[in-house]
>>> print(open('structure.txt').read())   # compact mmCIF, C-alpha atoms
# COMPACT_ATOMS: atom_id res chain seq x y z
CA MET A 1 0.00 0.00 0.00
CA PRO A 2 1.39 3.46 -0.85
CA ALA A 3 2.05 6.02 1.87
CA PRO A 4 -0.33 8.97 2.37
CA ALA A 5 -0.30 11.59 -0.36
CA ALA A 6 -0.80 15.32 -0.12
CA SER A 7 -3.94 16.53 -1.86
CA GLY A 8 -3.55 16.38 -5.61
CA MET A 9 -0.15 14.67 -5.48
CA PRO A 10 0.71 11.03 -6.25
CA PRO A 11 1.25 8.65 -3.32
CA LEU A 12 4.78 7.99 -2.09
CA ASP A 13 6.47 4.63 -2.54
CA ARG A 14 6.19 2.86 0.80
CA ALA A 15 8.90 0.34 -0.07
CA LEU A 16 11.38 3.17 -0.52
CA LEU A 17 10.12 5.07 2.52
CA ARG A 18 10.88 2.00 4.61
CA ARG A 19 14.57 2.56 3.89
CA LEU A 20 14.46 5.91 5.69
CA GLU A 21 14.55 6.88 9.31
CA PHE A 22 12.39 9.89 10.12
CA SER A 23 13.30 12.83 12.29
CA ALA A 24 12.38 16.37 13.25
CA ALA A 25 14.83 19.11 14.13
CA THR A 26 15.26 22.18 16.33
CA ALA A 27 18.14 24.38 17.51
CA ALA A 28 18.93 25.54 21.02
CA PHE A 29 18.85 29.33 20.60
CA GLN A 30 15.65 29.10 18.56
CA ILE A 31 13.57 27.16 21.09
CA GLU A 32 15.09 27.04 24.57
CA GLY A 33 14.58 30.56 25.92
CA ALA A 34 15.94 30.92 29.48
CA ARG A 35 18.82 32.98 28.15
CA THR A 36 19.93 34.22 31.57
CA GLU A 37 19.07 31.19 33.71
CA ASP A 38 21.17 28.55 35.43
CA GLY A 39 24.58 29.93 34.58
CA ARG A 40 24.17 30.35 30.82
CA SER A 41 26.47 33.04 29.39
CA ARG A 42 26.18 35.16 26.25
CA SER A 43 26.54 34.09 22.64
CA ILE A 44 26.86 36.16 19.48
CA TRP A 45 23.10 35.79 19.04
CA ASP A 46 22.43 37.30 22.46
CA ASP A 47 24.47 40.27 21.29
CA PHE A 48 22.82 40.38 17.87
CA VAL A 49 19.24 40.51 19.17
CA ASP A 50 20.19 43.48 21.37
CA ILE A 51 21.13 45.61 18.36
CA PRO A 52 18.15 47.76 17.28
CA GLY A 53 16.90 46.91 13.82
CA ARG A 54 18.70 43.59 13.48
CA ILE A 55 15.64 41.42 14.19
CA ARG A 56 12.66 42.07 11.94
CA ASP A 57 10.03 42.16 14.69
CA GLY A 58 12.30 43.13 17.58
CA SER A 59 11.94 39.76 19.29
CA THR A 60 14.78 38.29 21.35
CA ALA A 61 14.17 34.50 21.40
CA ASP A 62 13.21 34.66 25.06
CA PRO A 63 11.02 33.02 26.16
CA GLY A 64 9.96 31.90 22.67
CA PRO A 65 8.86 28.24 22.76
CA ASP A 66 10.53 28.02 26.21
CA SER A 67 11.68 24.45 25.68
CA TYR A 68 14.12 24.76 28.57
CA HIS A 69 11.10 24.56 30.87
CA ARG A 70 8.82 22.47 28.62
CA VAL A 71 11.14 19.66 27.58
CA ALA A 72 8.76 16.93 28.76
CA GLU A 73 5.97 18.37 26.62
CA ASP A 74 8.22 18.49 23.56
CA VAL A 75 9.43 14.91 23.98
CA ALA A 76 5.79 13.82 24.26
CA LEU A 77 5.08 15.56 20.94
CA LEU A 78 7.99 13.72 19.35
CA ALA A 79 6.86 10.38 20.76
CA HIS A 80 3.32 10.86 19.46
CA LEU A 81 4.72 11.89 16.08
CA GLY A 82 6.54 8.56 15.91
CA VAL A 83 9.95 9.80 14.80
CA ASP A 84 12.97 7.53 14.96
CA GLN A 85 15.35 10.37 15.82
CA TYR A 86 15.32 13.89 17.24
CA ARG A 87 17.90 16.34 15.95
CA PHE A 88 18.47 19.11 18.48
CA SER A 89 21.47 21.29 19.25
CA LEU A 90 23.47 21.88 22.39
CA SER A 91 24.10 25.42 23.55
CA TRP A 92 27.85 25.99 23.88
CA VAL A 93 27.22 28.87 26.30
CA ARG A 94 24.88 26.80 28.45
CA VAL A 95 27.33 23.91 28.67
CA LEU A 96 30.58 25.85 28.97
CA PRO A 97 29.90 29.43 30.08
CA GLU A 98 33.05 31.47 30.55
CA GLY A 99 35.08 28.41 29.54
CA ARG A 100 34.13 26.27 32.55
CA PRO A 101 31.69 23.33 32.62
CA ASN A 102 28.26 24.28 33.95
CA PRO A 103 26.61 21.45 35.91
CA GLN A 104 23.12 22.96 35.51
CA GLY A 105 23.43 23.29 31.75
CA LEU A 106 24.79 19.79 31.39
CA ALA A 107 21.99 18.46 33.59
CA TYR A 108 19.40 19.94 31.22
CA TYR A 109 20.80 17.95 28.29
CA ASP A 110 21.18 14.90 30.51
CA ARG A 111 17.44 15.03 31.22
CA LEU A 112 16.59 15.59 27.56
CA VAL A 113 18.67 12.62 26.41
CA ASP A 114 17.20 10.35 29.07
CA ARG A 115 13.64 11.36 28.22
CA LEU A 116 14.25 10.69 24.53
CA LEU A 117 15.74 7.28 25.20
CA ASP A 118 12.86 6.40 27.52
CA ALA A 119 10.48 7.32 24.66
CA GLY A 120 12.35 5.10 22.20
CA ILE A 121 13.74 8.07 20.23
CA THR A 122 17.40 8.24 19.21
CA PRO A 123 19.02 11.53 20.30
CA THR A 124 21.09 13.06 17.50
CA PRO A 125 22.61 16.25 18.92
CA THR A 126 24.31 18.96 16.88
CA LEU A 127 27.31 20.37 18.69
CA TYR A 128 27.32 23.80 17.04
CA HIS A 129 24.29 25.58 15.64
CA TRP A 130 25.57 29.18 15.42
CA ASP A 131 25.72 30.15 19.12
CA LEU A 132 29.39 31.10 19.39
CA PRO A 133 30.36 32.43 22.84
CA SER A 134 30.63 36.22 22.84
CA ARG A 135 33.97 36.05 24.62
CA LEU A 136 35.43 34.11 21.65
CA GLU A 137 33.96 36.49 19.09
CA ALA A 138 35.69 39.32 20.95
CA GLN A 139 38.97 37.50 20.21
CA GLY A 140 38.21 37.17 16.49
CA GLY A 141 35.58 34.44 16.47
CA TRP A 142 35.80 32.00 13.58
CA LEU A 143 38.44 34.21 11.95
CA ASN A 144 40.75 32.98 14.71
CA ARG A 145 42.18 29.45 14.56
CA SER A 146 42.09 29.22 18.35
CA THR A 147 38.27 29.14 18.22
CA ALA A 148 38.47 25.66 16.70
CA GLU A 149 40.69 24.62 19.58
CA ARG A 150 38.24 26.06 22.14
CA PHE A 151 35.48 24.16 20.35
CA ALA A 152 37.43 20.94 20.82
CA GLN A 153 37.52 21.56 24.59
CA TYR A 154 33.75 22.07 24.60
CA VAL A 155 33.24 18.82 22.64
CA GLU A 156 35.31 16.91 25.18
CA VAL A 157 33.08 18.12 28.02
CA VAL A 158 29.91 17.19 26.13
CA ALA A 159 31.20 13.79 25.06
CA ASP A 160 32.36 12.95 28.59
CA THR A 161 28.89 13.78 29.92
CA LEU A 162 26.59 12.34 27.25
CA GLY A 163 28.77 9.89 25.33
CA ASP A 164 27.72 6.92 27.45
CA ARG A 165 24.20 7.24 25.98
CA VAL A 166 24.55 9.31 22.81
CA ARG A 167 26.15 7.48 19.90
CA HIS A 168 24.97 9.64 16.97
CA TRP A 169 26.33 13.16 16.52
CA TYR A 170 26.39 16.07 14.13
CA THR A 171 29.37 18.41 14.46
CA ILE A 172 28.88 21.82 12.79
CA ASN A 173 25.61 23.08 11.31
CA GLU A 174 25.70 25.06 8.07
CA PRO A 175 29.16 26.59 8.17
CA VAL A 176 28.27 28.33 4.89
CA SER A 177 25.60 30.37 6.65
CA THR A 178 28.03 31.48 9.33
CA THR A 179 30.61 32.48 6.73
CA LEU A 180 28.45 34.10 4.07
CA GLN A 181 25.65 35.60 6.13
CA GLY A 182 27.42 36.05 9.45
CA TYR A 183 30.88 37.27 8.46
CA ALA A 184 30.66 38.26 4.77
CA ILE A 185 27.44 40.28 4.43
CA GLY A 186 26.28 40.71 8.04
CA GLU A 187 22.68 39.45 7.80
CA LEU A 188 23.21 37.04 10.71
CA ALA A 189 25.31 37.13 13.87
CA PRO A 190 27.99 38.30 14.38
CA GLY A 191 26.98 40.82 11.72
CA ARG A 192 30.34 41.43 10.07
CA THR A 193 30.67 42.63 6.46
CA LEU A 194 34.04 41.29 5.36
CA LEU A 195 33.04 39.92 1.94
CA PHE A 196 35.82 37.60 0.70
CA ASP A 197 37.93 38.37 3.76
CA ALA A 198 35.44 36.19 5.66
CA LEU A 199 36.81 33.02 4.05
CA PRO A 200 39.16 32.03 6.91
CA THR A 201 35.97 31.23 8.85
CA VAL A 202 35.35 28.39 6.39
CA HIS A 203 38.58 26.66 7.28
CA HIS A 204 38.35 27.18 11.01
CA GLN A 205 34.80 25.79 11.18
CA LEU A 206 35.83 22.74 9.17
CA LEU A 207 38.87 22.35 11.40
CA ALA A 208 36.52 22.37 14.39
CA HIS A 209 34.53 19.63 12.68
CA GLY A 210 37.71 17.59 12.28
CA TYR A 211 38.60 17.98 15.94
CA ALA A 212 35.09 16.92 16.93
CA VAL A 213 35.18 13.78 14.78
CA ARG A 214 38.46 12.71 16.38
CA ILE A 215 37.19 13.35 19.93
CA LEU A 216 33.84 11.63 19.40
CA ARG A 217 35.49 8.59 17.82
CA GLY A 218 37.61 8.31 20.95
CA ARG A 219 34.47 8.41 23.12
CA GLY A 220 32.72 5.53 21.34
CA ALA A 221 30.51 7.37 18.84
CA THR A 222 29.09 5.17 16.10
CA THR A 223 27.69 7.82 13.74
CA VAL A 224 29.34 11.20 13.18
CA GLY A 225 28.83 13.69 10.39
CA ILE A 226 28.80 17.36 9.45
CA VAL A 227 25.65 19.18 8.28
CA ASN A 228 26.11 21.43 5.26
CA ASN A 229 23.51 23.65 3.70
CA HIS A 230 23.39 22.86 -0.01
CA THR A 231 21.56 24.24 -3.00
CA GLN A 232 21.30 23.40 -6.67
CA VAL A 233 22.76 26.44 -8.42
CA LEU A 234 21.06 27.59 -11.62
CA PRO A 235 22.43 30.26 -14.00
CA ALA A 236 19.98 33.05 -14.76
CA SER A 237 20.70 32.61 -18.48
CA GLY A 238 23.02 30.80 -20.86
CA SER A 239 25.33 33.78 -21.16
CA ASP A 240 29.00 33.25 -20.37
CA ALA A 241 28.80 35.84 -17.60
CA ASP A 242 25.86 34.17 -15.87
CA LEU A 243 27.40 30.72 -16.27
CA GLN A 244 30.63 31.95 -14.70
CA ALA A 245 28.71 33.65 -11.87
CA ALA A 246 26.79 30.44 -11.15
CA TYR A 247 30.02 28.44 -11.19
CA LEU A 248 31.64 30.76 -8.63
CA TYR A 249 28.56 30.74 -6.42
CA ASP A 250 28.49 26.93 -6.51
CA LEU A 251 32.13 26.89 -5.38
CA LEU A 252 31.45 29.29 -2.51
CA HIS A 253 28.16 27.77 -1.31
CA ASN A 254 28.59 24.07 -2.00
CA ARG A 255 32.05 22.84 -2.91
CA MET A 256 34.03 24.93 -0.39
CA TYR A 257 32.37 22.87 2.34
CA ALA A 258 31.92 19.48 0.67
CA ASP A 259 35.25 19.07 -1.13
CA PRO A 260 37.56 19.35 1.90
CA VAL A 261 35.37 17.05 4.01
CA LEU A 262 34.93 14.42 1.30
CA LEU A 263 38.03 14.79 -0.87
CA GLY A 264 40.59 16.39 1.44
CA ARG A 265 41.11 19.49 -0.70
CA TYR A 266 39.56 22.86 -1.40
CA PRO A 267 38.34 23.72 -4.89
CA ASP A 268 40.47 26.09 -6.94
CA LEU A 269 39.37 29.69 -6.53
CA ASP A 270 40.29 32.80 -8.47
CA PRO A 271 43.82 34.00 -7.51
CA SER A 272 42.31 37.33 -6.48
CA ILE A 273 40.41 35.64 -3.64
CA PRO A 274 42.38 35.43 -0.36
CA ALA A 275 44.00 32.07 0.30
CA LEU A 276 42.69 29.94 3.13
CA PRO A 277 44.90 29.60 6.26
CA VAL A 278 45.63 25.89 5.84
CA GLN A 279 48.40 24.37 7.94
CA ASP A 280 50.11 21.01 7.58
CA GLY A 281 47.83 18.19 8.65
CA ASP A 282 44.64 20.26 8.60
CA LEU A 283 43.07 18.67 5.53
CA ALA A 284 43.80 15.15 6.75
CA LEU A 285 41.99 15.99 9.97
CA ILE A 286 39.05 17.63 8.17
CA SER A 287 38.64 14.73 5.74
CA ALA A 288 38.69 11.92 8.28
CA PRO A 289 35.86 9.64 7.11
CA CYS A 290 32.35 10.44 8.35
CA ASP A 291 29.56 7.91 8.79
CA VAL A 292 26.91 10.17 7.29
CA TYR A 293 26.84 13.40 5.32
CA GLY A 294 24.16 15.84 6.43
CA VAL A 295 22.39 17.92 3.80
CA ASN A 296 20.14 20.84 4.71
CA TYR A 297 18.08 21.72 1.64
CA TYR A 298 15.35 24.30 1.18
CA ASN A 299 15.49 25.64 -2.38
CA PRO A 300 17.60 26.03 -5.51
CA THR A 301 19.48 29.29 -6.11
CA THR A 302 19.38 31.19 -9.39
CA VAL A 303 22.44 33.36 -9.94
CA ALA A 304 23.22 36.20 -12.35
CA ALA A 305 26.43 38.10 -13.04
CA ALA A 306 26.83 41.41 -11.26
CA ASP A 307 29.23 44.34 -11.13
CA GLY A 308 31.08 45.26 -7.97
CA PRO A 309 33.23 43.49 -5.38
CA VAL A 310 30.94 40.43 -5.44
CA PRO A 311 30.57 39.32 -9.09
CA PHE A 312 27.20 37.58 -8.71
CA GLU A 313 23.73 38.18 -7.34
CA VAL A 314 20.92 35.83 -6.35
CA VAL A 315 17.76 36.47 -8.38
CA PRO A 316 14.24 34.96 -8.44
CA THR A 317 13.81 31.59 -10.11
CA PRO A 318 11.44 32.13 -13.05
CA GLY A 319 8.06 30.41 -12.83
CA ALA A 320 8.59 28.87 -9.38
CA PRO A 321 6.14 29.30 -6.48
CA VAL A 322 7.75 30.60 -3.30
CA THR A 323 7.55 30.11 0.46
CA GLY A 324 6.81 32.80 3.02
CA PHE A 325 10.36 34.09 2.70
CA GLY A 326 9.53 35.44 -0.74
CA PRO A 327 11.06 35.37 -4.22
CA LEU A 328 14.50 34.06 -3.27
CA TRP A 329 13.01 30.93 -1.66
CA PRO A 330 11.51 29.11 -4.66
CA ILE A 331 9.79 25.75 -4.32
CA VAL A 332 11.44 23.34 -6.80
CA PRO A 333 11.56 19.81 -5.33
CA GLU A 334 13.21 18.31 -8.40
CA ALA A 335 16.23 20.53 -7.71
CA LEU A 336 16.85 18.44 -4.58
CA THR A 337 16.93 15.30 -6.71
CA ALA A 338 19.33 16.99 -9.11
CA PHE A 339 21.63 18.11 -6.30
CA LEU A 340 21.79 14.65 -4.72
CA VAL A 341 22.42 12.91 -8.04
CA ASP A 342 25.09 15.48 -8.95
CA ALA A 343 26.76 14.95 -5.56
CA LYS A 344 26.82 11.19 -6.07
CA GLN A 345 28.37 11.63 -9.51
CA ARG A 346 30.95 14.16 -8.26
CA TYR A 347 32.06 12.38 -5.08
CA GLY A 348 31.36 8.74 -5.85
CA ALA A 349 32.53 6.35 -3.15
CA ALA A 350 33.77 9.30 -1.06
CA LEU A 351 30.15 10.33 -0.36
CA PRO A 352 28.88 8.61 2.82
CA PRO A 353 25.21 7.79 3.25
CA VAL A 354 23.27 11.04 3.03
CA VAL A 355 20.99 12.30 5.77
CA ILE A 356 18.53 15.04 4.88
CA ALA A 357 19.16 16.91 8.11
CA GLU A 358 16.74 19.80 7.47
CA ASN A 359 13.94 20.32 4.97
CA GLY A 360 10.88 22.45 5.48
CA ALA A 361 9.03 25.61 4.60
CA SER A 362 7.58 28.72 6.19
CA PHE A 363 4.22 30.15 5.17
CA PRO A 364 2.16 33.05 6.55
CA GLU A 365 0.38 31.83 9.68
CA PRO A 366 -1.38 33.51 12.61
CA ASP A 367 0.28 34.16 15.95
CA HIS A 368 -2.66 32.64 17.82
CA VAL A 369 -4.87 29.66 16.92
CA ALA A 370 -7.96 28.11 18.46
CA GLY A 371 -7.33 24.66 16.99
CA PRO A 372 -5.23 22.73 14.47
CA LEU A 373 -3.98 24.88 11.61
CA HIS A 374 -4.67 23.49 8.14
CA ASP A 375 -1.26 24.11 6.57
CA GLY A 376 -1.79 22.44 3.21
CA ASP A 377 1.04 24.38 1.55
CA ARG A 378 3.53 22.89 4.00
CA ILE A 379 2.19 19.39 3.49
CA ALA A 380 2.54 19.80 -0.29
CA TYR A 381 6.10 21.12 0.15
CA LEU A 382 7.15 18.21 2.38
CA HIS A 383 5.42 15.64 0.17
CA GLY A 384 7.10 17.01 -2.93
CA HIS A 385 10.55 16.99 -1.35
CA LEU A 386 10.15 13.51 0.07
CA ALA A 387 9.20 12.39 -3.44
CA ALA A 388 12.36 14.12 -4.70
CA VAL A 389 14.45 12.22 -2.15
CA LEU A 390 12.92 8.95 -3.27
CA ASP A 391 13.68 9.83 -6.91
CA ALA A 392 17.32 10.29 -5.90
CA VAL A 393 17.27 6.91 -4.15
CA ARG A 394 15.96 5.33 -7.35
CA ALA A 395 18.86 6.97 -9.18
CA GLY A 396 21.37 5.27 -6.87
CA VAL A 397 21.92 7.79 -4.07
CA ARG A 398 21.94 6.24 -0.62
CA VAL A 399 19.78 8.34 1.71
CA ASP A 400 19.36 7.00 5.24
CA ALA A 401 17.16 9.59 6.95
CA TYR A 402 14.82 12.51 6.35
CA THR A 403 14.38 15.36 8.84
CA VAL A 404 11.65 17.98 8.89
CA TRP A 405 12.58 21.50 9.91
CA SER A 406 11.06 22.12 12.33
CA LEU A 407 9.22 20.34 15.11
CA LEU A 408 8.15 23.70 16.55
CA ASP A 409 7.55 27.22 15.37
CA ASN A 410 10.58 29.05 16.72
CA PHE A 411 12.76 32.15 16.69
CA GLU A 412 13.72 32.34 13.03
CA TRP A 413 16.98 34.25 13.46
CA ALA A 414 16.92 37.73 11.86
CA ASP A 415 13.25 37.23 10.96
CA GLY A 416 12.26 36.73 14.59
CA TYR A 417 8.78 35.30 14.97
CA THR A 418 7.56 36.46 11.54
CA GLN A 419 8.37 33.11 9.90
CA ARG A 420 6.88 29.82 11.08
CA PHE A 421 8.34 26.46 10.01
CA GLY A 422 6.83 24.19 12.67
CA LEU A 423 4.79 21.03 12.46
CA VAL A 424 3.51 22.36 15.79
CA HIS A 425 2.17 25.89 16.18
CA VAL A 426 3.59 27.79 19.15
CA ASP A 427 1.86 30.80 20.65
CA MET A 428 4.89 32.88 21.58
CA ALA A 429 2.92 34.81 24.19
CA THR A 430 1.86 31.72 26.15
CA GLY A 431 4.02 28.85 24.87
CA GLN A 432 0.89 26.89 23.98
CA ARG A 433 1.66 24.08 21.50
CA THR A 434 -0.97 23.10 18.90
CA PRO A 435 -0.09 20.42 16.33
CA LYS A 436 -0.88 21.48 12.77
CA ALA A 437 -2.35 19.37 9.98
CA SER A 438 1.24 18.77 8.76
CA TYR A 439 2.02 17.10 12.10
CA ALA A 440 -0.87 14.67 11.58
CA TRP A 441 0.20 14.08 7.96
CA TYR A 442 3.82 13.34 8.95
CA ARG A 443 2.66 11.05 11.75
CA ALA A 444 0.41 9.12 9.35
CA LEU A 445 3.21 8.84 6.80
CA ILE A 446 5.66 7.45 9.37
CA GLU A 447 3.06 5.02 10.68
CA GLU A 448 2.23 3.84 7.16
CA ALA A 449 5.91 3.43 6.27
CA ARG A 450 6.40 1.26 9.36
CA SER A 451 3.34 -0.95 8.85
>>> encode(input="structure.txt", output="structure tokens")
Amino acid sequence: MPAPAASGMPPLDRALLRRLEFSAATAAFQIEGARTEDGRSRSIWDDFVDIPGRIRDGSTADPGPDSYHRVAEDVALLAHLGVDQYRFSLSWVRVLPEGRPNPQGLAYYDRLVDRLLDAGITPTPTLYHWDLPSRLEAQGGWLNRSTAERFAQYVEVVADTLGDRVRHWYTINEPVSTTLQGYAIGELAPGRTLLFDALPTVHHQLLAHGYAVRILRGRGATTVGIVNNHTQVLPASGSDADLQAAYLYDLLHNRMYADPVLLGRYPDLDPSIPALPVQDGDLALISAPCDVYGVNYYNPTTVAAADGPVPFEVVPTPGAPVTGFGPLWPIVPEALTAFLVDAKQRYGAALPPVVIAENGASFPEPDHVAGPLHDGDRIAYLHGHLAAVLDAVRAGVRVDAYTVWSLLDNFEWADGYTQRFGLVHVDMATGQRTPKASYAWYRALIEEARS
């Protein structure tokens, strides 16, 4: 019997769905709240939300969904959903404020892991999801090689505390977003505008990943991988200029992060672009084999040539519907298939099993609801992208898991509470959780795939 279909879309292949594990994801700063409680110190996002005008609606992520105080409720939602795994992140500044282990912060994650295991859900923590300690940013942040070394110390503390029960880990989430949006153009924390001078942050984040893999292997981890944000890059036209712009964008968004992890080398960049600060032994550490390769995918990116210090610009994808983020977030599920197949062809045996570590969509939704929200657009988006994953599997790509972003409506970074990705609606004034129709759809799909 085929798995449930979204309205007007063909059913999904249950035999192929059975090959997948299913998950939902969140991130610490986006859902926990409690930013000043129990010894937690400040991160670059605490600093960023305090800058007037940086957050679209002026929100500060506190209390937000308040998962720090409502962890039992959230685990119950996951258990009812029927997921195999829960991808969440650990807050560096809750675990290691001011560089010293914090028993209260560690106890919070202890409780979360134990509750997940008691519910039959595999905890899959992410060690870094953008919440760099402010004290390290003051010393240069990811521009400074020593930040990778400080990260290694943090990983040791986490692994010593949770490694007896947690065997599956993600290291760094979306280093491209930190580099391009955080350090190059300033849309995200820490809000720097260094353009190509931001590129050392690529290498230092990947170096931190390499340190984490080595530490976790030594603490008995069975599954370790990085999570990269990837996109299928499309030229705006067939002109030489647009083709060259798309090629450069693909290097900077995709291959700068995949090639060193999978092949042990960086792609060749234009000589005018600053060289990366690679030292002897770095690439061997970065390319130590991973068990899985995490892919966060939301949309393709159409690129045109541009004048100025950055020789490309992202433009709308012609003819594509869009999510609540607008014209630069087109909905093109087949682009996910194309990216996965291209990756398999490019990296071959060097590509580990793929995990879709985030996939989801935001659409305009009310702040308050009286009952389940009928979010048909989200269901159609998820259905279409799951179908795209299965098409890639048919084409020979090994995909082991699929993760919806996000379990909960949350603090959506610079967009604050104006964008909602959740399977579960959260009233940010009260914390009230109300599962949406997409939650019921995902639950039915998982149940059908397991039957």
>>> residues_around(input="structure.txt", residues="range 21-23 of chain A", least_positions_apart="6", cutoff="12 Å", atoms="all atoms listed in the file", output="MDAnalysis selection string")
chainID A and resid 78:79 81:88 121:125 354:359 386 399:407 423 442:443 445:447 449:450
>>> residues_around(input="structure.txt", residues="Asp282 in chain A", least_positions_apart="5", cutoff="9 Å", atoms="all atoms listed in the file", output="NGL selection string")
:A and (203 or 207 or 210 or 287)
>>> atom_distance(input="structure.txt", atom1="CA of Asp242 in chain A", atom2="CA of Val332 in chain A")
20.2 Å
>>> closest_residue(input="structure.txt", among="A:Pro200, A:Val166, A:Tyr108, A:Pro101", to="Gly141 in chain A", atoms="only C-alpha atoms")
A:Pro200
>>> closest_residue(input="structure.txt", among="A:Leu20, A:Met9, A:Val322, A:Val158", to="Arg398 in chain A", atoms="all atoms listed in the file")
A:Leu20
>>> closest_atom_pairs(input="structure.txt", of="range 337-440 of chain A", to="range 326-330 of chain A", cutoff="12 Å", atoms="all atoms listed in the file", output="tab-separated table")
residue	atom	partner	partner_atom	distance
A:Gly360	CA	A:Trp329	CA	11.3
A:Ala361	CA	A:Trp329	CA	9.1
A:Ser362	CA	A:Trp329	CA	9.8
A:Phe363	CA	A:Gly326	CA	9.5
A:Pro364	CA	A:Gly326	CA	10.6
A:Tyr381	CA	A:Pro330	CA	10.8
A:Gln419	CA	A:Gly326	CA	11.0
>>> closest_residue(input="structure.txt", among="A:Ile172, A:Ala76, A:Val157, A:Leu206", to="His129 in chain A", atoms="all atoms listed in the file")
A:Ile172
>>> residues_around(input="structure.txt", residues="range 216-226 of chain A", least_positions_apart="5", cutoff="7 Å", atoms="only C-alpha atoms", output="list in words")
Ala159, Gly163, Arg167, His168, Trp169, Tyr170, Thr171, Ile172, Asn173, His209, Cys290, Asp291, Val292, Tyr293 and Gly294 of chain A
